[in-house]
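Student: Got a structure for you, input-v2.tsv, holding TSV, C-alpha atoms.
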chain	number	residue	atom	x	y	z
A	1	MET	CA	6.11	282.68	37.53
A	2	THR	CA	7.83	284.73	40.24
A	3	GLN	CA	11.49	285.48	39.61
A	4	ILE	CA	13.96	284.68	42.40
A	5	ALA	CA	16.26	287.58	43.26
A	6	SER	CA	19.76	287.18	41.83
A	7	PRO	CA	22.75	287.20	44.22
A	8	PRO	CA	26.13	288.68	43.22
A	9	HIS	CA	28.36	286.31	41.26
A	10	PRO	CA	30.43	284.87	42.71
A	11	PRO	CA	28.23	285.06	45.81
A	12	GLU	CA	29.67	287.09	48.66
A	13	GLY	CA	29.76	285.59	52.14
A	14	SER	CA	28.35	282.32	53.41
A	15	PHE	CA	24.72	281.30	52.93
A	16	SER	CA	22.22	279.40	55.02
A	17	GLY	CA	19.88	277.91	52.40
A	18	LEU	CA	16.19	277.13	52.65
A	19	PRO	CA	15.04	275.71	55.98
A	20	ILE	CA	14.70	271.94	56.37
A	21	GLY	CA	12.01	270.42	58.58
A	22	GLU	CA	11.79	266.86	59.85
A	23	ALA	CA	9.21	266.04	57.16
A	24	ASP	CA	11.78	267.04	54.52
A	25	LEU	CA	14.52	264.73	55.82
A	26	PRO	CA	13.96	261.69	53.55
A	27	SER	CA	14.18	263.73	50.35
A	28	ALA	CA	17.00	265.89	51.75
A	29	HIS	CA	19.04	262.79	52.62
A	30	GLU	CA	18.55	261.45	49.09
A	31	LEU	CA	19.70	264.78	47.66
A	32	TYR	CA	22.76	264.61	49.90
A	33	ARG	CA	23.46	261.05	48.73
A	34	GLY	CA	23.22	262.11	45.10
A	35	MET	CA	25.61	265.01	45.63
A	36	SER	CA	28.00	262.75	47.55
A	37	ILE	CA	28.13	260.30	44.64
A	38	VAL	CA	28.89	263.05	42.11
A	39	ARG	CA	31.55	264.60	44.36
A	40	ALA	CA	33.24	261.28	45.15
A	41	VAL	CA	33.28	260.09	41.54
A	42	GLU	CA	34.69	263.35	40.20
A	43	LEU	CA	37.42	263.48	42.83
A	44	GLU	CA	38.43	259.90	41.91
A	45	ILE	CA	38.45	260.77	38.20
A	46	GLU	CA	40.65	263.77	38.91
A	47	LYS	CA	43.05	261.62	40.91
A	48	MET	CA	43.18	258.91	38.24
A	49	HIS	CA	43.97	261.50	35.57
A	50	ARG	CA	46.78	262.98	37.62
A	51	LEU	CA	48.22	259.49	38.13
A	52	GLY	CA	48.14	258.88	34.38
A	53	ARG	CA	45.66	256.01	34.63
A	54	MET	CA	43.03	257.76	32.52
A	55	SER	CA	43.58	259.58	29.25
A	56	GLY	CA	41.79	262.40	27.51
A	57	SER	CA	40.44	265.66	28.84
A	58	PHE	CA	38.42	266.06	32.04
A	59	HIS	CA	36.08	268.93	32.92
A	60	SER	CA	35.15	268.89	36.61
A	61	SER	CA	31.82	270.06	38.01
A	62	LEU	CA	33.14	270.17	41.59
A	63	GLY	CA	30.96	272.57	43.56
A	64	GLN	CA	28.14	272.45	41.00
A	65	GLU	CA	26.60	269.20	42.26
A	66	ALA	CA	23.44	270.87	43.57
A	67	ALA	CA	22.36	271.92	40.08
A	68	ALA	CA	22.61	268.42	38.58
A	69	VAL	CA	21.16	266.54	41.54
A	70	GLY	CA	18.46	269.09	42.32
A	71	VAL	CA	17.12	269.16	38.77
A	72	CYS	CA	17.29	265.40	38.20
A	73	SER	CA	15.49	264.75	41.50
A	74	ALA	CA	12.36	266.18	39.87
A	75	LEU	CA	12.47	263.75	36.91
A	76	ARG	CA	10.93	260.35	36.26
A	77	ALA	CA	12.83	257.32	34.97
A	78	GLY	CA	11.40	257.80	31.47
A	79	ASP	CA	12.44	261.44	31.20
A	80	MET	CA	15.50	262.26	29.12
A	81	VAL	CA	18.59	264.37	29.73
A	82	THR	CA	21.21	265.81	27.41
A	83	SER	CA	24.41	267.29	28.73
A	84	THR	CA	27.58	269.25	28.06
A	85	HIS	CA	31.33	268.58	28.10
A	86	ARG	CA	31.07	269.03	31.89
A	87	GLY	CA	28.48	266.29	32.27
A	88	HIS	CA	29.57	263.56	34.70
A	89	GLY	CA	27.33	265.02	37.40
A	90	HIS	CA	24.30	265.09	35.10
A	91	ALA	CA	24.89	261.47	34.08
A	92	LEU	CA	25.24	260.21	37.64
A	93	ALA	CA	22.28	262.25	38.88
A	94	LYS	CA	20.12	260.70	36.14
A	95	GLY	CA	21.08	257.21	37.29
A	96	VAL	CA	23.94	256.25	34.97
A	97	PRO	CA	25.88	253.44	36.77
A	98	ILE	CA	29.03	254.55	38.57
A	99	GLU	CA	31.02	251.58	37.26
A	100	GLY	CA	29.95	252.37	33.70
A	101	VAL	CA	31.24	255.94	34.04
A	102	PHE	CA	34.58	254.84	35.45
A	103	ALA	CA	34.96	252.06	32.86
A	104	GLU	CA	34.30	254.52	30.05
A	105	LEU	CA	37.08	256.81	31.23
A	106	PHE	CA	39.42	253.83	31.63
A	107	GLY	CA	38.64	252.85	28.01
A	108	ARG	CA	37.09	249.53	29.03
A	109	SER	CA	34.42	247.51	27.24
A	110	ALA	CA	32.06	247.89	30.20
A	111	GLY	CA	32.04	251.66	29.74
A	112	VAL	CA	28.66	253.22	29.01
A	113	SER	CA	29.88	254.07	25.50
A	114	GLY	CA	31.88	250.88	25.12
A	115	GLY	CA	35.13	252.55	26.11
A	116	ARG	CA	35.07	254.58	22.89
A	117	GLY	CA	33.77	257.97	23.94
A	118	GLY	CA	35.68	258.98	27.03
A	119	SER	CA	34.84	261.78	29.42
A	120	MET	CA	32.87	264.01	27.03
A	121	HIS	CA	30.74	261.31	25.38
A	122	LEU	CA	28.97	259.40	28.15
A	123	HIS	CA	25.71	257.90	26.91
A	124	HIS	CA	23.27	255.56	28.63
A	125	ARG	CA	19.85	255.26	27.03
A	126	ALA	CA	18.60	252.84	29.71
A	127	SER	CA	18.87	255.67	32.24
A	128	GLY	CA	17.35	258.23	29.91
A	129	PHE	CA	20.74	259.90	29.52
A	130	LEU	CA	20.96	260.76	25.82
A	131	GLY	CA	24.53	261.89	26.07
A	132	GLU	CA	27.09	264.58	26.64
A	133	ASN	CA	28.17	266.81	23.79
A	134	ALA	CA	31.57	268.37	23.19
A	135	ILE	CA	29.89	270.95	20.91
A	136	VAL	CA	28.82	273.90	23.05
A	137	ALA	CA	25.00	273.78	23.43
A	138	GLY	CA	24.94	270.86	20.98
A	139	GLY	CA	22.66	268.76	23.18
A	140	LEU	CA	19.89	271.34	23.35
A	141	PRO	CA	18.22	270.54	19.99
A	142	TRP	CA	18.52	266.81	20.79
A	143	ALA	CA	16.46	267.34	23.91
A	144	ALA	CA	13.85	269.56	22.31
A	145	GLY	CA	13.40	267.15	19.42
A	146	ALA	CA	13.30	264.05	21.62
A	147	ALA	CA	10.71	265.63	23.92
A	148	TRP	CA	8.57	266.71	20.97
A	149	ALA	CA	8.77	263.20	19.45
A	150	ARG	CA	7.72	261.56	22.73
A	151	ARG	CA	4.76	263.91	23.01
A	152	ARG	CA	3.74	263.20	19.40
A	153	ARG	CA	3.58	259.50	20.34
A	154	GLY	CA	1.20	260.30	23.17
A	155	GLY	CA	3.50	260.01	26.20
A	156	ASP	CA	4.07	262.60	28.89
A	157	ASP	CA	7.86	262.18	29.23
A	158	ILE	CA	9.91	265.35	29.14
A	159	ALA	CA	13.51	266.18	28.30
A	160	VAL	CA	16.04	268.34	30.12
A	161	ALA	CA	18.91	269.99	28.29
A	162	PHE	CA	21.80	271.23	30.42
A	163	ILE	CA	23.89	274.02	28.92
A	164	GLY	CA	26.48	276.40	30.34
A	165	ASP	CA	26.42	280.17	30.27
A	166	GLY	CA	28.79	280.09	27.30
A	167	GLY	CA	26.21	277.99	25.47
A	168	PHE	CA	23.71	280.82	25.73
A	169	ALA	CA	25.83	282.75	23.22
A	170	GLN	CA	25.34	280.03	20.60
A	171	GLY	CA	22.83	280.56	17.83
A	172	VAL	CA	21.47	277.04	18.17
A	173	THR	CA	20.31	277.90	21.70
A	174	HIS	CA	18.06	280.73	20.56
A	175	GLU	CA	16.82	278.85	17.51
A	176	THR	CA	15.92	275.85	19.68
A	177	LEU	CA	14.18	278.04	22.26
A	178	LEU	CA	11.98	279.57	19.58
A	179	LEU	CA	11.22	276.19	17.98
A	180	ALA	CA	10.45	274.63	21.37
A	181	ARG	CA	8.01	277.44	22.10
A	182	PHE	CA	6.40	277.08	18.67
A	183	TRP	CA	6.16	273.28	18.92
A	184	LYS	CA	5.19	273.40	22.61
A	185	SER	CA	7.97	270.88	23.11
A	186	PRO	CA	7.99	269.61	26.72
A	187	CYS	CA	11.61	270.53	27.29
A	188	LEU	CA	13.29	272.17	30.28
A	189	ILE	CA	16.51	274.03	29.46
A	190	VAL	CA	18.84	274.36	32.45
A	191	CYS	CA	21.63	276.91	32.14
A	192	GLU	CA	24.38	276.38	34.71
A	193	ASN	CA	25.82	279.87	34.93
A	194	ASN	CA	29.19	279.25	36.54
A	195	GLY	CA	30.51	282.72	35.80
A	196	LEU	CA	32.99	281.79	33.10
A	197	ALA	CA	32.59	280.89	29.44
A	198	HIS	CA	35.99	279.18	29.47
A	199	SER	CA	38.02	282.27	30.45
A	200	MET	CA	35.49	285.02	29.62
A	201	PRO	CA	33.51	286.34	32.63
A	202	SER	CA	29.89	285.69	31.73
A	203	ASP	CA	28.65	288.93	33.27
A	204	ARG	CA	30.60	290.81	30.59
A	205	LEU	CA	28.59	288.95	27.95
A	206	PHE	CA	25.14	288.66	29.51
A	207	GLY	CA	25.00	290.84	32.63
A	208	ALA	CA	24.51	289.88	36.25
A	209	PRO	CA	23.22	286.41	37.21
A	210	GLY	CA	19.53	286.18	36.45
A	211	THR	CA	19.83	288.25	33.29
A	212	ILE	CA	19.90	285.14	31.11
A	213	ALA	CA	16.63	283.91	32.61
A	214	ARG	CA	15.05	287.35	32.15
A	215	THR	CA	16.15	287.38	28.51
A	216	VAL	CA	14.43	284.04	27.90
A	217	GLU	CA	11.34	285.23	29.78
A	218	GLY	CA	11.20	288.11	27.28
A	219	ALA	CA	10.93	285.54	24.49
A	220	GLY	CA	7.71	284.22	26.01
A	221	ILE	CA	9.11	281.16	27.82
A	222	THR	CA	8.51	280.63	31.53
A	223	SER	CA	11.87	281.19	33.22
A	224	ARG	CA	13.40	281.31	36.67
A	225	TYR	CA	16.71	281.97	38.36
A	226	VAL	CA	17.77	279.88	41.37
A	227	ASP	CA	20.76	279.99	43.71
A	228	GLY	CA	22.68	276.87	42.69
A	229	ARG	CA	24.45	276.65	46.04
A	230	ASP	CA	21.29	275.29	47.65
A	231	VAL	CA	20.14	271.88	46.38
A	232	ILE	CA	16.84	272.24	48.28
A	233	ALA	CA	16.06	275.46	46.40
A	234	VAL	CA	17.10	273.92	43.08
A	235	ALA	CA	14.93	270.86	43.63
A	236	GLN	CA	11.95	273.03	44.55
A	237	ALA	CA	12.35	275.25	41.47
A	238	ALA	CA	12.86	272.18	39.26
A	239	ARG	CA	9.67	270.51	40.55
A	240	GLU	CA	7.64	273.61	39.72
A	241	LEU	CA	9.11	273.98	36.24
A	242	VAL	CA	8.94	270.25	35.47
A	243	ALA	CA	5.21	270.32	36.27
A	244	HIS	CA	4.82	273.25	33.88
A	245	VAL	CA	6.78	271.42	31.16
A	246	ARG	CA	4.90	268.17	31.63
A	247	ALA	CA	1.69	270.11	31.09
A	248	GLY	CA	2.92	270.90	27.59
A	249	SER	CA	5.19	273.97	27.36
A	250	PRO	CA	8.95	274.55	27.47
A	251	ALA	CA	10.59	276.29	30.42
A	252	PHE	CA	14.01	277.64	31.36
A	253	LEU	CA	16.00	277.52	34.60
A	254	GLU	CA	19.19	279.47	35.23
A	255	CYS	CA	21.25	278.08	38.12
A	256	GLY	CA	23.85	280.39	39.62
A	257	VAL	CA	26.87	278.17	40.35
A	258	PHE	CA	30.65	278.60	40.43
A	259	ARG	CA	33.39	276.84	38.51
A	260	VAL	CA	35.74	275.69	41.26
A	261	ARG	CA	38.28	273.90	39.08
A	262	PRO	CA	39.95	275.19	35.90
A	263	HIS	CA	38.07	274.77	32.63
A	264	SER	CA	39.83	271.42	32.28
A	265	LEU	CA	42.73	269.79	34.08
A	266	SER	CA	45.14	271.13	31.46
A	267	ASP	CA	43.90	274.73	31.75
A	268	PRO	CA	46.09	277.17	33.75
A	269	ASP	CA	43.15	279.25	34.98
A	270	TYR	CA	45.36	281.30	37.30
A	271	ARG	CA	46.22	283.37	34.23
A	272	TYR	CA	42.75	284.89	34.15
A	273	ARG	CA	41.63	284.63	37.80
A	274	PRO	CA	43.35	284.25	41.18
A	275	LYS	CA	44.74	280.77	41.67
A	276	SER	CA	42.91	280.53	45.00
A	277	ALA	CA	39.49	281.49	43.56
A	278	GLY	CA	37.98	278.02	43.71
A	279	ARG	CA	39.36	277.22	47.16
A	280	ASP	CA	38.18	280.57	48.55
A	281	TRP	CA	34.68	280.09	47.15
A	282	MET	CA	34.35	276.56	48.51
A	283	ALA	CA	35.36	277.70	52.00
A	284	LEU	CA	32.18	279.78	52.19
A	285	ASN	CA	29.80	278.25	49.67
A	286	ASP	CA	30.36	274.49	49.34
A	287	PRO	CA	26.80	273.23	48.69
A	288	MET	CA	27.55	269.80	50.15
A	289	ALA	CA	29.07	271.15	53.35
A	290	ASN	CA	26.10	273.48	53.77
A	291	LEU	CA	23.55	270.67	53.38
A	292	ARG	CA	25.57	268.37	55.64
A	293	THR	CA	25.55	271.02	58.40
A	294	ARG	CA	21.80	271.42	58.16
A	295	LEU	CA	21.14	267.67	58.15
A	296	GLU	CA	23.45	266.95	61.07
A	297	ARG	CA	21.21	269.06	63.29
A	298	PHE	CA	18.60	266.32	62.95
A	299	ALA	CA	20.47	263.09	62.33
A	300	GLY	CA	24.24	263.22	62.19
A	301	ASN	CA	24.50	259.42	62.22
A	302	GLN	CA	22.47	259.18	59.00
A	303	VAL	CA	24.79	261.63	57.22
A	304	ALA	CA	27.86	259.66	58.34
A	305	ARG	CA	26.19	256.45	57.18
A	306	ILE	CA	25.56	257.92	53.73
A	307	ASP	CA	29.18	259.10	53.49
A	308	ALA	CA	30.46	255.61	54.35
A	309	GLU	CA	28.09	253.84	51.94
A	310	VAL	CA	28.94	256.14	49.05
A	311	ALA	CA	32.68	255.81	49.67
A	312	ALA	CA	32.42	252.01	49.67
A	313	ASP	CA	30.27	251.92	46.54
A	314	VAL	CA	32.59	254.26	44.63
A	315	ASP	CA	35.74	252.36	45.67
A	316	ALA	CA	34.21	249.04	44.59
A	317	ALA	CA	32.98	250.45	41.26
A	318	LEU	CA	36.40	251.97	40.56
A	319	ALA	CA	38.19	248.68	41.20
A	320	ARG	CA	35.80	246.67	39.01
A	321	ALA	CA	35.98	249.21	36.20
A	322	GLU	CA	39.78	249.33	36.04
A	323	ALA	CA	40.03	245.55	36.11
A	324	GLY	CA	37.72	245.13	33.13
A	325	PRO	CA	38.89	244.26	29.59
A	326	ARG	CA	39.54	246.76	26.83
A	327	PRO	CA	37.57	246.58	23.56
A	328	PRO	CA	39.27	244.14	21.17
A	329	VAL	CA	41.10	245.61	18.19
A	330	THR	CA	38.86	243.56	15.87
A	331	GLU	CA	35.92	245.79	16.88
A	332	ALA	CA	37.68	249.04	16.01
A	333	LYS	CA	35.36	249.70	13.06
A	334	SER	CA	32.15	248.85	14.88
A	335	PHE	CA	29.62	251.67	15.28
A	336	VAL	CA	31.38	253.81	12.69
A	337	TYR	CA	28.81	255.31	10.34
A	338	THR	CA	31.20	256.08	7.47
A	339	SER	CA	33.71	253.49	6.32
A	340	PRO	CA	35.38	252.36	3.07
A	341	GLU	CA	33.13	249.30	2.96
A	342	LEU	CA	30.08	251.49	2.37
A	343	GLN	CA	31.46	252.53	-1.05
A	344	ASN	CA	30.71	249.02	-2.35
A	345	HIS	CA	27.00	249.66	-1.79
A	346	ALA	CA	26.85	253.09	-3.43
Reformat the file's structure so that it appears as structure tokens.

Tutor:
Amino acid sequence: MTQIASPPHPPEGSFSGLPIGEADLPSAHELYRGMSIVRAVELEIEKMHRLGRMSGSFHSSLGQEAAAVGVCSALRAGDMVTSTHRGHGHALAKGVPIEGVFAELFGRSAGVSGGRGGSMHLHHRASGFLGENAIVAGGLPWAAGAAWARRRRGGDDIAVAFIGDGGFAQGVTHETLLLARFWKSPCLIVCENNGLAHSMPSDRLFGAPGTIARTVEGAGITSRYVDGRDVIAVAQAARELVAHVRAGSPAFLECGVFRVRPHSLSDPDYRYRPKSAGRDWMALNDPMANLRTRLERFAGNQVARIDAEVAADVDAALARAEAGPRPPVTEAKSFVYTSPELQNHA
């Protein structure tokens, strides 16, 4: 499969993206809607955390929406996704309810993990979202195994495992890649290369963007690099690779993105990069602003309508989620696999 040329990271200058024709508008509008939902939800979560109305850590994917939405646009309802600690966008793009995400972060019973998991442990099997994972690259073997199991049962569902560039340094990543190739597990691994493994520049570890994909290609797995600023390009690459995976072989997609926010809200990232780095990058490269500009050439009213609908839906979901009840104290031991009571049955 032809490799896409790798741009510098972070990309220099503004970009135009792949052309959009009138025939592409319905799918492009849906991609814009998906990105709008992710952006709006994450901005609300950030605000709620700063106001002290949500507890726990929060890892924002602001500016990386095109990778999540573009990849998930190529999936079916029965396909599965595993994610990372920076996984709200993946969950929402796979169809996890907005209210369920908010309720989880508020610690409410209506949360997708019952209010018990918080930001890094969203899980919604009904949407095919098998969960985030606070262990770096920890979701990758889940996806490969789940995809292999589905194929053994005779289905053609696939799994997608999102990892970050830091996850590529984990041994489990390479072990899973080799096993997936050996098993012919129908699994697509998506590496969101945002340039930083926490505070370590990823190009010091792996080389320029695209090097990770070329490394995997050398292991005999079909791989591509795509510019993660352009959701149209991501969706196109994902459709091609998903078709390859559904035919019975693993594949790998490296998306060149940029981490706009600090590693987490409590991380003073200005100690290892300029404090204005995220703002400067967004001024030239914001994937949502770029798509909005292209779509407004055809139908500006439709874009404005989507913005208004998403804002209303997110506001309503936020209000319902915060008003919901918390899990009762009597259920504190529910869903715990190890407990003193088990000793009586030893």

Student: Could you check the closest approach to Cys191 in chain A for each of A:Leu130, A:Val257, A:Leu51, A:Leu122 and tell me which residue wins, using all atoms listed in the file?

Tutor: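 The answer is A:Val257, which sits nearest to Cys191 in chain A.
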
Student: Could you tell me how far CA of Met282 in chain A lies from CA of Ser60 in chain A, in Å and to one decimal?

Tutor: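 Atom-to-atom, CA of Met282 in chain A to CA of Ser60 in chain A, that is 14.2 Å.
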
Student: What does the distance between CA of Pro287 in chain A and CA of Arg33 in chain A come to in Å, to one decimal place?

Tutor: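 Rounded to one decimal, the two atoms are 12.6 Å apart.
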
Student: Within 12 Å of Gly52 in chain A, counting only C-alpha atoms, which residues qualify if same-chain residues fewer than 6 places away don't, as a PyMOL selection string?

Tutor: chain A and resi 45-46+105-106

Student: Need to verify the contact set: range 150-166 of chain A, 8 Å, only C-alpha atoms, exclusion of same-chain residues closer than 4 positions in sequence. Can you return it as number ranges by chain?

Tutor: A: 76, 78-84, 136-137, 139-140, 143-144, 146, 170, 185-198, 202, 245-246

Student: So, counting all atoms listed in the file, which residue among A:Ser199, A:Ser249, A:Thr211, A:Ser109 is closest to Trp148 in chain A?

Tutor: A:Ser249

Student: Using only C-alpha atoms, can you tell me which of A:Leu92, A:Ala180, A:Ala213, A:Val260 comes closest to Ala149 in chain A?

Tutor: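 Closest to Ala149 in chain A of all the choices is A:Ala180.
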
Student: What does the distance from CA of Gly87 in chain A to CA of Gly228 in chain A come to in Å, to one decimal?

Tutor: 15.9 Å

Student: Give the centre and edge lengths of an axis-aligned box, in Å to one decimal, that holds all listed atoms of range 43-47 of chain A with 4 Å on each side, as lines of an AutoDock Vina configuration file.

Tutor:
center_x = 40.2
center_y = 261.8
center_z = 40.5
size_x = 13.6
size_y = 11.9
size_z = 12.6

Student: Pick the closest to Gly107 in chain A from A:Arg326, A:Arg239, A:Arg50, A:Lys184: which is it, counting all atoms listed in the file?

Tutor: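 Among A:Arg326, A:Arg239, A:Arg50, A:Lys184, it is A:Arg326 that comes nearest to Gly107 in chain A.
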
Student: Any idea what's packed within 12 Å of Tyr225 in chain A, counting all atoms listed in the file, ignoring anything in its chain fewer than 6 positions away? Could you give it as a VMD selection string?

Tutor: chain A and resid 1 to 7 67 189 to 193 208 to 217 233 to 234 236 to 238 241 251 to 257

Student: Here is a test: counting only C-alpha atoms, which residue of A:Pro97, A:Gly131, A:Gly248, A:Met48 is nearest to Ala147 in chain A?

Tutor: A:Gly248

Student: Closest to Arg204 in chain A among A:Ala66, A:Val329, A:Ala247, A:Ala169, using all atoms listed in the file?

Tutor: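 Closest to Arg204 in chain A of all the choices is A:Ala169.
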